[in-house]
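Data file: run-v9.cif. Format and content: mmCIF, C-alpha atoms.
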```cif
data_final
#
loop_
_atom_site.group_PDB
_atom_site.id
_atom_site.type_symbol
_atom_site.label_atom_id
_atom_site.label_comp_id
_atom_site.auth_asym_id
_atom_site.auth_seq_id
_atom_site.Cartn_x
_atom_site.Cartn_y
_atom_site.Cartn_z
ATOM 1 C CA MET A 271 0.000 0.000 0.000
ATOM 2 C CA HIS A 272 3.035 2.243 -0.402
ATOM 3 C CA ILE A 273 1.950 5.267 -2.441
ATOM 4 C CA PRO A 274 4.574 6.318 -5.034
ATOM 5 C CA ASP A 275 5.434 9.994 -5.610
ATOM 6 C CA ALA A 276 3.517 10.321 -8.880
ATOM 7 C CA PHE A 277 0.130 9.495 -7.305
ATOM 8 C CA ILE A 278 -0.374 12.687 -5.274
ATOM 9 C CA PRO A 279 0.229 16.338 -6.300
ATOM 10 C CA LEU A 280 3.017 18.026 -4.318
ATOM 11 C CA GLY A 281 0.739 20.495 -2.506
ATOM 12 C CA GLN A 282 -1.492 17.745 -1.135
ATOM 13 C CA ALA A 283 1.535 15.591 -0.317
ATOM 14 C CA LEU A 284 2.800 18.463 1.834
ATOM 15 C CA VAL A 285 -0.488 18.547 3.788
ATOM 16 C CA TYR A 286 -0.110 14.832 4.633
ATOM 17 C CA TRP A 287 3.487 15.491 5.706
ATOM 18 C CA VAL A 288 2.253 18.184 8.136
ATOM 19 C CA ILE A 289 -0.342 15.785 9.606
ATOM 20 C CA ALA A 290 2.286 13.050 9.831
ATOM 21 C CA LEU A 291 4.751 15.363 11.603
ATOM 22 C CA VAL A 292 2.164 16.155 14.294
ATOM 23 C CA PHE A 293 1.778 12.429 14.997
ATOM 24 C CA ILE A 294 5.541 11.849 14.799
ATOM 25 C CA ALA A 295 6.016 14.544 17.447
ATOM 26 C CA LEU A 296 3.380 12.855 19.637
ATOM 27 C CA ALA A 297 5.050 9.484 19.053
ATOM 28 C CA LEU A 298 8.393 10.919 20.166
ATOM 29 C CA ARG A 299 6.685 12.308 23.283
ATOM 30 C CA TRP A 300 5.274 8.819 23.933
ATOM 31 C CA ALA A 301 8.780 7.340 23.519
ATOM 32 C CA ARG A 302 10.313 9.921 25.850
ATOM 33 C CA ARG A 303 7.762 9.300 28.592
ATOM 34 C CA SER A 304 6.921 5.626 28.265
ATOM 35 C CA MET A 305 9.820 3.792 26.722
ATOM 36 C CA GLY A 306 11.664 2.098 29.536
ATOM 37 C CA GLU A 307 15.245 0.920 29.252
ATOM 38 C CA GLU A 308 14.158 -2.728 28.993
ATOM 39 C CA LYS A 309 11.758 -1.972 26.136
ATOM 40 C CA ILE A 310 14.300 -0.370 23.811
ATOM 41 C CA PRO A 311 15.783 -3.630 22.421
ATOM 42 C CA LEU A 312 12.268 -5.054 22.091
ATOM 43 C CA VAL A 313 11.119 -2.108 19.957
ATOM 44 C CA ALA A 314 14.231 -2.494 17.778
ATOM 45 C CA VAL A 315 13.640 -6.238 17.258
ATOM 46 C CA LEU A 316 9.963 -5.690 16.529
ATOM 47 C CA ALA A 317 10.838 -3.041 13.919
ATOM 48 C CA ALA A 318 13.425 -5.324 12.291
ATOM 49 C CA GLY A 319 10.892 -8.164 12.154
ATOM 50 C CA ILE A 320 8.222 -5.873 10.700
ATOM 51 C CA PHE A 321 10.650 -4.651 8.025
ATOM 52 C CA ALA A 322 11.552 -8.218 7.061
ATOM 53 C CA ILE A 323 7.968 -9.454 6.934
ATOM 54 C CA GLN A 324 6.928 -6.450 4.827
ATOM 55 C CA ALA A 325 9.276 -7.811 2.127
ATOM 56 C CA LEU A 326 7.271 -11.032 2.055
ATOM 57 C CA ASN A 327 4.442 -10.441 -0.399
ATOM 58 C CA ILE A 328 1.851 -13.188 -0.142
ATOM 59 C CA PRO A 329 -0.248 -13.949 -3.233
ATOM 60 C CA ILE A 330 -3.991 -13.324 -3.036
ATOM 61 C CA PRO A 331 -6.545 -14.002 -5.811
ATOM 62 C CA TRP A 332 -6.839 -11.771 -8.903
ATOM 63 C CA GLY A 333 -3.119 -11.676 -9.802
ATOM 64 C CA THR A 334 -2.453 -9.535 -6.765
ATOM 65 C CA SER A 335 -0.373 -9.792 -3.597
ATOM 66 C CA GLY A 336 -0.147 -8.163 -0.219
ATOM 67 C CA HIS A 337 2.015 -8.046 2.835
ATOM 68 C CA MET A 338 1.727 -7.282 6.503
ATOM 69 C CA VAL A 339 2.076 -3.660 7.682
ATOM 70 C CA GLY A 340 2.677 -4.330 11.376
ATOM 71 C CA ALA A 341 1.501 -1.092 12.998
ATOM 72 C CA ALA A 342 -1.314 -2.879 14.822
ATOM 73 C CA LEU A 343 1.089 -5.469 16.225
ATOM 74 C CA ALA A 344 3.547 -2.813 17.440
ATOM 75 C CA ALA A 345 0.708 -0.821 19.031
ATOM 76 C CA ILE A 346 -0.810 -3.874 20.744
ATOM 77 C CA VAL A 347 2.487 -5.262 22.060
ATOM 78 C CA LEU A 348 3.823 -1.909 23.251
ATOM 79 C CA GLY A 349 0.453 -0.722 24.539
ATOM 80 C CA SER A 350 0.081 2.537 22.636
ATOM 81 C CA PRO A 351 -1.124 3.608 19.196
ATOM 82 C CA TYR A 352 1.972 5.830 19.105
ATOM 83 C CA ALA A 353 4.185 2.742 19.119
ATOM 84 C CA GLY A 354 2.691 1.947 15.710
ATOM 85 C CA VAL A 355 3.447 5.477 14.530
ATOM 86 C CA PHE A 356 6.997 5.313 15.946
ATOM 87 C CA VAL A 357 7.912 1.970 14.353
ATOM 88 C CA LEU A 358 6.151 2.506 11.018
ATOM 89 C CA THR A 359 7.650 5.974 10.534
ATOM 90 C CA LEU A 360 11.146 4.498 10.755
ATOM 91 C CA VAL A 361 10.241 1.469 8.607
ATOM 92 C CA LEU A 362 8.733 3.711 5.911
ATOM 93 C CA LEU A 363 11.716 6.079 6.082
ATOM 94 C CA VAL A 364 14.194 3.264 5.414
ATOM 95 C CA GLN A 365 11.958 1.674 2.750
ATOM 96 C CA GLY A 366 11.535 4.967 0.898
ATOM 97 C CA VAL A 367 15.057 6.341 1.176
ATOM 98 C CA ILE A 368 17.134 3.170 0.772
ATOM 99 C CA PHE A 369 14.865 0.875 -1.242
ATOM 100 C CA GLY A 370 12.654 3.216 -3.254
ATOM 101 C CA ASP A 371 9.530 1.548 -1.826
ATOM 102 C CA GLY A 372 6.976 4.312 -1.311
ATOM 103 C CA GLY A 373 7.605 7.860 -2.451
ATOM 104 C CA ILE A 374 9.596 10.583 -0.706
ATOM 105 C CA THR A 375 7.259 13.530 -1.249
ATOM 106 C CA VAL A 376 4.273 11.329 -0.321
ATOM 107 C CA MET A 377 5.938 9.641 2.665
ATOM 108 C CA GLY A 378 3.739 11.722 4.970
ATOM 109 C CA ALA A 379 0.634 10.150 3.416
ATOM 110 C CA ASN A 380 2.111 6.669 3.838
ATOM 111 C CA ILE A 381 2.955 7.423 7.481
ATOM 112 C CA VAL A 382 -0.598 8.665 8.083
ATOM 113 C CA ASN A 383 -2.197 5.665 6.344
ATOM 114 C CA MET A 384 -0.064 2.849 7.704
ATOM 115 C CA GLY A 385 1.481 4.248 10.898
ATOM 116 C CA VAL A 386 -1.253 6.494 12.301
ATOM 117 C CA VAL A 387 -4.360 4.655 11.077
ATOM 118 C CA GLY A 388 -2.706 1.258 11.562
ATOM 119 C CA GLY A 389 -1.597 2.145 15.082
ATOM 120 C CA PHE A 390 -4.859 3.727 16.237
ATOM 121 C CA VAL A 391 -7.278 1.251 14.631
ATOM 122 C CA GLY A 392 -5.032 -1.612 15.749
ATOM 123 C CA TYR A 393 -4.698 -0.444 19.345
ATOM 124 C CA TYR A 394 -8.259 0.743 20.037
ATOM 125 C CA GLY A 395 -9.734 -2.066 17.949
ATOM 126 C CA TYR A 396 -7.805 -4.576 20.038
ATOM 127 C CA THR A 397 -8.601 -3.114 23.464
ATOM 128 C CA GLY A 398 -12.253 -2.510 22.552
ATOM 129 C CA ILE A 399 -12.902 -5.927 21.005
ATOM 130 C CA LYS A 400 -10.982 -7.727 23.751
ATOM 131 C CA SER A 401 -13.106 -6.100 26.440
ATOM 132 C CA VAL A 402 -16.264 -7.318 24.661
ATOM 133 C CA ILE A 403 -15.332 -10.844 23.554
ATOM 134 C CA GLY A 404 -12.628 -11.556 26.117
ATOM 135 C CA ASN A 405 -10.279 -13.397 23.750
ATOM 136 C CA ALA A 406 -7.038 -11.495 23.107
ATOM 137 C CA TYR A 407 -6.024 -13.431 19.987
ATOM 138 C CA ALA A 408 -9.387 -13.142 18.265
ATOM 139 C CA ALA A 409 -9.340 -9.428 19.139
ATOM 140 C CA ALA A 410 -5.819 -9.096 17.676
ATOM 141 C CA PHE A 411 -6.933 -10.833 14.471
ATOM 142 C CA ILE A 412 -9.952 -8.569 14.000
ATOM 143 C CA ALA A 413 -8.024 -5.416 14.943
ATOM 144 C CA GLY A 414 -5.194 -6.358 12.561
ATOM 145 C CA TRP A 415 -7.666 -6.951 9.745
ATOM 146 C CA ALA A 416 -9.496 -3.677 10.452
ATOM 147 C CA SER A 417 -6.261 -1.670 10.681
ATOM 148 C CA LEU A 418 -5.265 -2.721 7.176
ATOM 149 C CA PHE A 419 -8.755 -2.320 5.709
ATOM 150 C CA VAL A 420 -9.251 1.197 7.115
ATOM 151 C CA SER A 421 -5.754 2.213 5.899
ATOM 152 C CA ALA A 422 -6.698 1.081 2.388
ATOM 153 C CA ILE A 423 -10.021 2.944 2.466
ATOM 154 C CA LEU A 424 -8.290 6.162 3.562
ATOM 155 C CA CYS A 425 -5.678 5.623 0.834
ATOM 156 C CA ALA A 426 -8.473 5.348 -1.762
ATOM 157 C CA VAL A 427 -10.027 8.597 -0.479
ATOM 158 C CA GLU A 428 -6.666 10.411 -0.665
ATOM 159 C CA LEU A 429 -6.132 9.173 -4.219
ATOM 160 C CA ALA A 430 -9.647 10.338 -5.143
ATOM 161 C CA ILE A 431 -8.823 13.810 -3.773
ATOM 162 C CA ALA A 432 -5.563 13.632 -5.752
ATOM 163 C CA GLY A 433 -7.542 12.864 -8.908
ATOM 164 C CA THR A 434 -5.627 9.619 -9.420
ATOM 165 C CA PHE A 435 -8.479 7.177 -8.699
ATOM 166 C CA PRO A 436 -12.205 7.770 -9.195
ATOM 167 C CA LEU A 437 -13.740 7.487 -5.701
ATOM 168 C CA ASP A 438 -16.185 4.651 -6.446
ATOM 169 C CA LEU A 439 -13.735 2.436 -8.336
ATOM 170 C CA GLY A 440 -10.912 3.219 -5.920
ATOM 171 C CA LEU A 441 -13.009 2.304 -2.876
ATOM 172 C CA THR A 442 -14.312 -0.879 -4.524
ATOM 173 C CA MET A 443 -10.927 -2.120 -5.660
ATOM 174 C CA MET A 444 -8.847 -1.022 -2.674
ATOM 175 C CA GLY A 445 -11.562 -2.345 -0.355
ATOM 176 C CA THR A 446 -11.810 -5.722 -2.113
ATOM 177 C CA TYR A 447 -8.083 -6.396 -2.326
ATOM 178 C CA HIS A 448 -7.366 -5.223 1.209
ATOM 179 C CA ALA A 449 -10.298 -7.084 2.746
ATOM 180 C CA VAL A 450 -8.317 -10.185 1.700
ATOM 181 C CA ILE A 451 -4.843 -8.801 2.504
ATOM 182 C CA GLY A 452 -6.237 -7.882 5.941
ATOM 183 C CA LEU A 453 -6.551 -11.616 6.692
ATOM 184 C CA ILE A 454 -2.733 -11.792 6.391
ATOM 185 C CA GLU A 455 -2.388 -8.798 8.710
ATOM 186 C CA GLY A 456 -4.850 -10.221 11.243
ATOM 187 C CA GLY A 457 -3.383 -13.717 11.132
ATOM 188 C CA ILE A 458 0.236 -12.661 11.617
ATOM 189 C CA THR A 459 -0.736 -10.118 14.286
ATOM 190 C CA ALA A 460 -2.539 -12.817 16.305
ATOM 191 C CA VAL A 461 0.241 -15.414 15.871
ATOM 192 C CA ALA A 462 3.029 -12.953 16.729
ATOM 193 C CA LEU A 463 1.095 -11.773 19.799
ATOM 194 C CA TYR A 464 0.667 -15.396 20.876
ATOM 195 C CA LEU A 465 4.411 -16.111 20.474
ATOM 196 C CA ILE A 466 5.417 -12.969 22.372
ATOM 197 C CA ALA A 467 2.843 -13.592 25.120
ATOM 198 C CA SER A 468 4.037 -17.200 25.494
ATOM 199 C CA ALA A 469 7.736 -16.312 25.640
ATOM 200 C CA ARG A 470 7.557 -13.129 27.677
ATOM 201 C CA PRO A 471 4.090 -12.300 29.079
ATOM 202 C CA ASP A 472 5.688 -9.621 31.259
ATOM 203 C CA ILE A 473 6.717 -7.351 28.382
ATOM 204 C CA LEU A 474 3.172 -6.878 27.142
ATOM 205 C CA GLU A 475 1.838 -3.532 28.271
ATOM 206 C CA GLN A 476 -1.578 -5.133 28.776
ATOM 207 C CA PRO A 477 -2.011 -8.665 30.089
ATOM 208 C CA ILE A 478 -3.508 -11.139 27.614
ATOM 209 C CA GLY A 479 -6.165 -12.340 30.057
ATOM 210 C CA VAL A 480 -8.546 -10.053 31.873
ATOM 211 C CA THR A 481 -8.534 -6.409 30.893
ATOM 212 C CA ALA A 482 -6.666 -4.315 33.431
ATOM 213 C CA MET B 170 12.734 -16.647 28.813
ATOM 214 C CA GLU B 171 15.507 -14.193 29.559
ATOM 215 C CA THR B 172 15.573 -10.876 27.771
ATOM 216 C CA LYS B 173 18.868 -11.608 26.039
ATOM 217 C CA GLN B 174 17.575 -14.943 24.741
ATOM 218 C CA PHE B 175 14.292 -13.321 23.673
ATOM 219 C CA ILE B 176 16.152 -10.651 21.689
ATOM 220 C CA ILE B 177 18.456 -13.207 20.026
ATOM 221 C CA ILE B 178 15.512 -15.386 18.995
ATOM 222 C CA GLY B 179 13.647 -12.313 17.754
ATOM 223 C CA VAL B 180 16.587 -11.193 15.610
ATOM 224 C CA ALA B 181 17.036 -14.768 14.320
ATOM 225 C CA ILE B 182 13.363 -14.948 13.251
ATOM 226 C CA ALA B 183 13.649 -11.566 11.504
ATOM 227 C CA LEU B 184 16.782 -12.697 9.635
ATOM 228 C CA VAL B 185 15.227 -16.017 8.582
ATOM 229 C CA ILE B 186 12.266 -14.106 7.144
ATOM 230 C CA ALA B 187 14.672 -11.638 5.467
ATOM 231 C CA VAL B 188 16.659 -14.434 3.784
ATOM 232 C CA ALA B 189 13.546 -16.367 2.739
ATOM 233 C CA ALA B 190 11.504 -13.386 1.515
ATOM 234 C CA PRO B 191 13.195 -12.919 -1.893
ATOM 235 C CA PHE B 192 12.559 -16.616 -2.686
ATOM 236 C CA LEU B 193 9.014 -16.806 -1.347
ATOM 237 C CA ALA B 194 7.612 -13.341 -2.071
ATOM 238 C CA SER B 195 4.971 -13.069 -4.776
ATOM 239 C CA GLY B 196 5.926 -10.866 -7.715
ATOM 240 C CA ASN B 197 2.298 -9.931 -8.329
ATOM 241 C CA PRO B 198 1.401 -6.241 -8.018
ATOM 242 C CA ASP B 199 0.260 -5.352 -4.491
ATOM 243 C CA GLY B 200 -3.275 -4.192 -3.723
ATOM 244 C CA LEU B 201 -2.613 -0.534 -4.487
ATOM 245 C CA GLU B 202 -0.697 -1.283 -7.726
ATOM 246 C CA SER B 203 -3.353 -3.748 -8.810
ATOM 247 C CA ALA B 204 -6.122 -1.174 -8.247
ATOM 248 C CA PHE B 205 -4.053 1.402 -10.157
ATOM 249 C CA PHE B 206 -3.477 -0.916 -13.133
ATOM 250 C CA SER B 207 -7.145 -1.918 -13.195
ATOM 251 C CA ILE B 208 -8.384 1.670 -13.105
ATOM 252 C CA TYR B 209 -5.991 2.610 -15.933
ATOM 253 C CA GLY B 210 -6.967 -0.381 -18.088
ATOM 254 C CA ALA B 211 -3.759 -2.405 -17.753
ATOM 255 C CA LYS B 212 -5.260 -5.295 -15.780
ATOM 256 C CA PRO B 213 -8.749 -6.674 -15.154
ATOM 257 C CA PHE B 214 -10.024 -5.954 -11.622
ATOM 258 C CA MET B 215 -10.502 -9.633 -10.867
ATOM 259 C CA GLY B 216 -8.182 -11.074 -13.507
ATOM 260 C CA ASP B 217 -4.528 -12.046 -13.638
ATOM 261 C CA GLU B 218 -3.143 -10.662 -16.887
ATOM 262 C CA LEU B 219 -1.112 -7.497 -16.669
ATOM 263 C CA ASP B 220 -0.577 -5.579 -19.913
ATOM 264 C CA GLU B 221 2.981 -4.259 -19.463
ATOM 265 C CA ASP B 222 2.688 -1.593 -22.175
ATOM 266 C CA ALA B 223 -0.555 -0.248 -20.738
ATOM 267 C CA ALA B 224 1.014 -0.321 -17.253
ATOM 268 C CA GLY B 225 3.929 1.806 -18.454
ATOM 269 C CA ALA B 226 1.550 4.221 -20.166
ATOM 270 C CA ALA B 227 -0.544 4.435 -16.993
ATOM 271 C CA GLU B 228 2.480 5.530 -14.985
ATOM 272 C CA GLU B 229 3.212 8.346 -17.448
ATOM 273 C CA GLN B 230 -0.446 9.314 -17.502
ATOM 274 C CA VAL B 231 -0.628 9.657 -13.724
ATOM 275 C CA ILE B 232 2.544 11.795 -13.552
ATOM 276 C CA ALA B 233 1.019 14.110 -16.146
ATOM 277 C CA ALA B 234 -2.236 14.278 -14.161
ATOM 278 C CA THR B 235 -0.764 15.031 -10.731
ATOM 279 C CA GLY B 236 2.269 16.957 -11.949
ATOM 280 C CA ASN B 237 4.366 15.195 -9.312
ATOM 281 C CA ASP B 238 7.374 14.102 -11.349
ATOM 282 C CA PHE B 239 9.690 13.831 -8.343
ATOM 283 C CA ALA B 240 12.267 11.193 -9.190
ATOM 284 C CA TYR B 241 14.717 9.626 -6.817
ATOM 285 C CA GLU B 242 17.287 6.922 -7.374
ATOM 286 C CA ALA B 243 17.327 4.678 -4.319
ATOM 287 C CA LEU B 244 20.519 2.904 -3.311
ATOM 288 C CA MET B 245 18.910 -0.550 -3.489
ATOM 289 C CA PRO B 246 15.836 -0.095 -5.703
ATOM 290 C CA ASP B 247 13.032 -2.626 -5.124
ATOM 291 C CA TYR B 248 15.065 -4.505 -2.523
ATOM 292 C CA SER B 249 17.786 -5.446 -4.974
ATOM 293 C CA ILE B 250 21.417 -4.558 -5.529
ATOM 294 C CA PRO B 251 22.074 -3.349 -9.087
ATOM 295 C CA GLY B 252 24.159 -5.915 -10.967
ATOM 296 C CA MET B 253 23.389 -8.750 -8.565
ATOM 297 C CA ASP B 254 20.579 -11.283 -8.894
ATOM 298 C CA LYS B 255 18.862 -13.282 -6.122
ATOM 299 C CA ALA B 256 21.877 -12.984 -3.816
ATOM 300 C CA GLY B 257 21.595 -9.202 -4.108
ATOM 301 C CA GLU B 258 17.934 -9.343 -3.086
ATOM 302 C CA VAL B 259 18.747 -11.461 -0.050
ATOM 303 C CA LEU B 260 21.569 -9.105 0.876
ATOM 304 C CA ALA B 261 19.315 -6.055 0.409
ATOM 305 C CA VAL B 262 16.582 -7.338 2.735
ATOM 306 C CA VAL B 263 19.146 -8.545 5.298
ATOM 307 C CA ILE B 264 20.920 -5.154 5.243
ATOM 308 C CA GLY B 265 17.559 -3.416 5.632
ATOM 309 C CA THR B 266 16.578 -5.641 8.566
ATOM 310 C CA LEU B 267 19.875 -5.027 10.383
ATOM 311 C CA LEU B 268 19.693 -1.315 9.571
ATOM 312 C CA MET B 269 16.202 -1.188 11.152
ATOM 313 C CA LEU B 270 17.501 -2.927 14.240
ATOM 314 C CA VAL B 271 20.304 -0.396 14.732
ATOM 315 C CA LEU B 272 18.339 2.684 13.647
ATOM 316 C CA VAL B 273 15.331 1.983 15.863
ATOM 317 C CA PHE B 274 17.554 1.080 18.801
ATOM 318 C CA VAL B 275 19.455 4.369 18.490
ATOM 319 C CA ILE B 276 16.340 6.521 17.949
ATOM 320 C CA ALA B 277 14.546 4.799 20.841
ATOM 321 C CA LYS B 278 17.583 5.228 23.080
ATOM 322 C CA VAL B 279 17.873 8.923 22.231
ATOM 323 C CA SER B 280 14.112 9.560 22.571
ATOM 324 C CA ALA B 281 13.570 7.755 25.860
ATOM 325 C CA ARG B 282 14.155 9.624 29.097
ATOM 326 C CA PRO B 283 17.071 7.900 30.815
ATOM 327 C CA ASP B 284 15.167 7.568 34.101
ATOM 328 C CA ASN B 285 12.217 5.680 32.555
#
```
Rewrite the structure from the file as structure tokens, please.
Amino acid sequence: MHIPDAFIPLGQALVYWVIALVFIALALRWARRSMGEEKIPLVAVLAAGIFAIQALNIPIPWGTSGHMVGAALAAIVLGSPYAGVFVLTLVLLVQGVIFGDGGITVMGANIVNMGVVGGFVGYYGYTGIKSVIGNAYAAAFIAGWASLFVSAILCAVELAIAGTFPLDLGLTMMGTYHAVIGLIEGGITAVALYLIASARPDILEQPIGVTA
Amino acid sequence: METKQFIIIGVAIALVIAVAAPFLASGNPDGLESAFFSIYGAKPFMGDELDEDAAGAAEEQVIAATGNDFAYEALMPDYSIPGMDKAGEVLAVVIGTLLMLVLVFVIAKVSARPDN
């Protein structure tokens, strides 16, 4: 879902950069206040794992593929939507600058779509759904799916404003493809949460069982 | 599990994925690219065939429409190393994974208040 430079006019791309910078500043404030010494290596490992798994495009029907984004997982494990913003901003920076994956002028839009929306939908989706159904892994699956789907819908709206996609076709196609790709996001989010919770339940900001 | 062990296993999993990704990853367009090609007539919405000529034309068409012709030559474009084949792709993703590890560690270290 990495938007390339050509898809959004420069003026609009700048607006998304401004929005992204506000959330990056808030994410840095979160890191300053909440990131304990023992969490720093965990955040680094999580980011490295998210980068690697983003390179693994999984085929879906219709000659298309998709990969995990990982903002929901980072937000759930580290207990803040800003963790998703923090990790995804750095992942997208390296992908754009070193690997040409995702544009430079439009990086703000990609940070908003994947980092901000992914982090917030992932985190609040997870906590909200978990408090209703009680099962952390099912909640992580649904929140992971929703984080990717909502990112794709917002992306379609931005590209409609940009004049690149007609709104109806963009929503239909982005929605259809990402409803399927979201299953990858949800599945890996739930499995990774299970592995982390099994190995080190203490590092999760929120216990897997009863809601604190 | 001790923290050190947890970190080592975490890094090992990330590196295994990084090495495997170039061999396993699908070369199909991703969701956004697929939607783009479909909208610009280079690929059916629910079909497999991509018309390469139409795809190239679509890219020029969209640059003309948005006026954003910003071009940038990345060091390792599309997770590859120019002049190298599969080995270059593996190396690119491994370098990226290790770079993330170091970069995020440093940024997190600098951002966090030391008394947290």
Within 12 Å of (1.8, 14.3, 15.2), in the coordinates the file gives, what residues turn up when you count only C-alpha atoms, written out as an NGL selection string? :A and (286-300 or 351-352 or 355-356 or 359 or 378 or 381-382 or 385-386)
At a cut-off of 12 Å, using all atoms listed in the file, what residues contact Pro246 (chain B)? Leave out same-chain residues fewer than 4 positions from it and give the result as a list in words. Val364, Gln365, Gly366, Val367, Ile368, Phe369, Gly370, Asp371, Gly372 and Gly373 of chain A; Tyr241, Glu242, Ile250, Pro251, Gly252, Met253, Gly257, Glu258, Ala261, Val262 and Gly265 of chain B
Can you tell me, as a list in words, what residues are no more than 6 Å from region 186-188 of chain B when counting all atoms listed in the file, ignoring any on the same chain fewer than 3 positions away?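 Those residues are Ala322 of chain A; Ala183, Val259, Val262 and Val263 of chain B.
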Could you please select, counting all atoms listed in the file, the residues of chain A within 6 Å of chain B and state them as a compact mmCIF listing (two decimals) with C-alpha atoms, in the coordinates of the input?
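The resulting iface.txt:
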```txt
# COMPACT_ATOMS: atom_id res chain seq x y z
CA MET A 271 0.00 0.00 0.00
CA ALA A 276 3.52 10.32 -8.88
CA ILE A 278 -0.37 12.69 -5.27
CA PRO A 279 0.23 16.34 -6.30
CA LEU A 280 3.02 18.03 -4.32
CA ALA A 301 8.78 7.34 23.52
CA ARG A 302 10.31 9.92 25.85
CA MET A 305 9.82 3.79 26.72
CA GLY A 306 11.66 2.10 29.54
CA ILE A 310 14.30 -0.37 23.81
CA ALA A 314 14.23 -2.49 17.78
CA VAL A 315 13.64 -6.24 17.26
CA ALA A 318 13.42 -5.32 12.29
CA GLY A 319 10.89 -8.16 12.15
CA ALA A 322 11.55 -8.22 7.06
CA LEU A 326 7.27 -11.03 2.06
CA ASN A 327 4.44 -10.44 -0.40
CA ILE A 328 1.85 -13.19 -0.14
CA PRO A 329 -0.25 -13.95 -3.23
CA TRP A 332 -6.84 -11.77 -8.90
CA GLY A 333 -3.12 -11.68 -9.80
CA THR A 334 -2.45 -9.54 -6.76
CA SER A 335 -0.37 -9.79 -3.60
CA GLY A 336 -0.15 -8.16 -0.22
CA ILE A 368 17.13 3.17 0.77
CA PHE A 369 14.86 0.88 -1.24
CA GLY A 370 12.65 3.22 -3.25
CA MET A 443 -10.93 -2.12 -5.66
CA TYR A 447 -8.08 -6.40 -2.33
CA ALA A 469 7.74 -16.31 25.64
```
Sel. within 7 Å of pt (3.7, 6.7, -3.0), counting only C-alpha atoms, output as a short mmCIF file (atom, residue, chain, number, x, y, z; two decimals) with C-alpha atoms, keeping the file's coordinate frame:
```cif
data_model
loop_
_atom_site.label_atom_id
_atom_site.label_comp_id
_atom_site.auth_asym_id
_atom_site.auth_seq_id
_atom_site.Cartn_x
_atom_site.Cartn_y
_atom_site.Cartn_z
CA HIS A 272 3.04 2.24 -0.40
CA ILE A 273 1.95 5.27 -2.44
CA PRO A 274 4.57 6.32 -5.03
CA ASP A 275 5.43 9.99 -5.61
CA ALA A 276 3.52 10.32 -8.88
CA PHE A 277 0.13 9.49 -7.30
CA GLY A 372 6.98 4.31 -1.31
CA GLY A 373 7.60 7.86 -2.45
CA VAL A 376 4.27 11.33 -0.32
CA MET A 377 5.94 9.64 2.66
#
```
Which distance in Å separates CA of Ile320 (chain A) and CA of Glu475 (chain A), to one decimal? 18.8 Å
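If you look at CA of Ala227 (chain B) and CA of Leu363 (chain A), they are 26.2 Å away from each other.
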Can you turn the PyMOL selection byres ((chain A and resi 409) around 12) into a concrete residue list for this file, as number ranges by chain? A: 342-343, 346, 391-408, 410-417, 456-457, 459-461, 463-464, 478-479
Expand the PyMOL selection byres ((chain A and resi 437) around 12) into the explicit residue set it covers here, and present it as a VMD selection string. (chain A and resid 423 to 436 438 to 445) or (chain B and resid 204 208)
Suppose you want the space between CA of Ala256 (chain B) and CA of Asp222 (chain B); what is it in Å? 28.9 Å
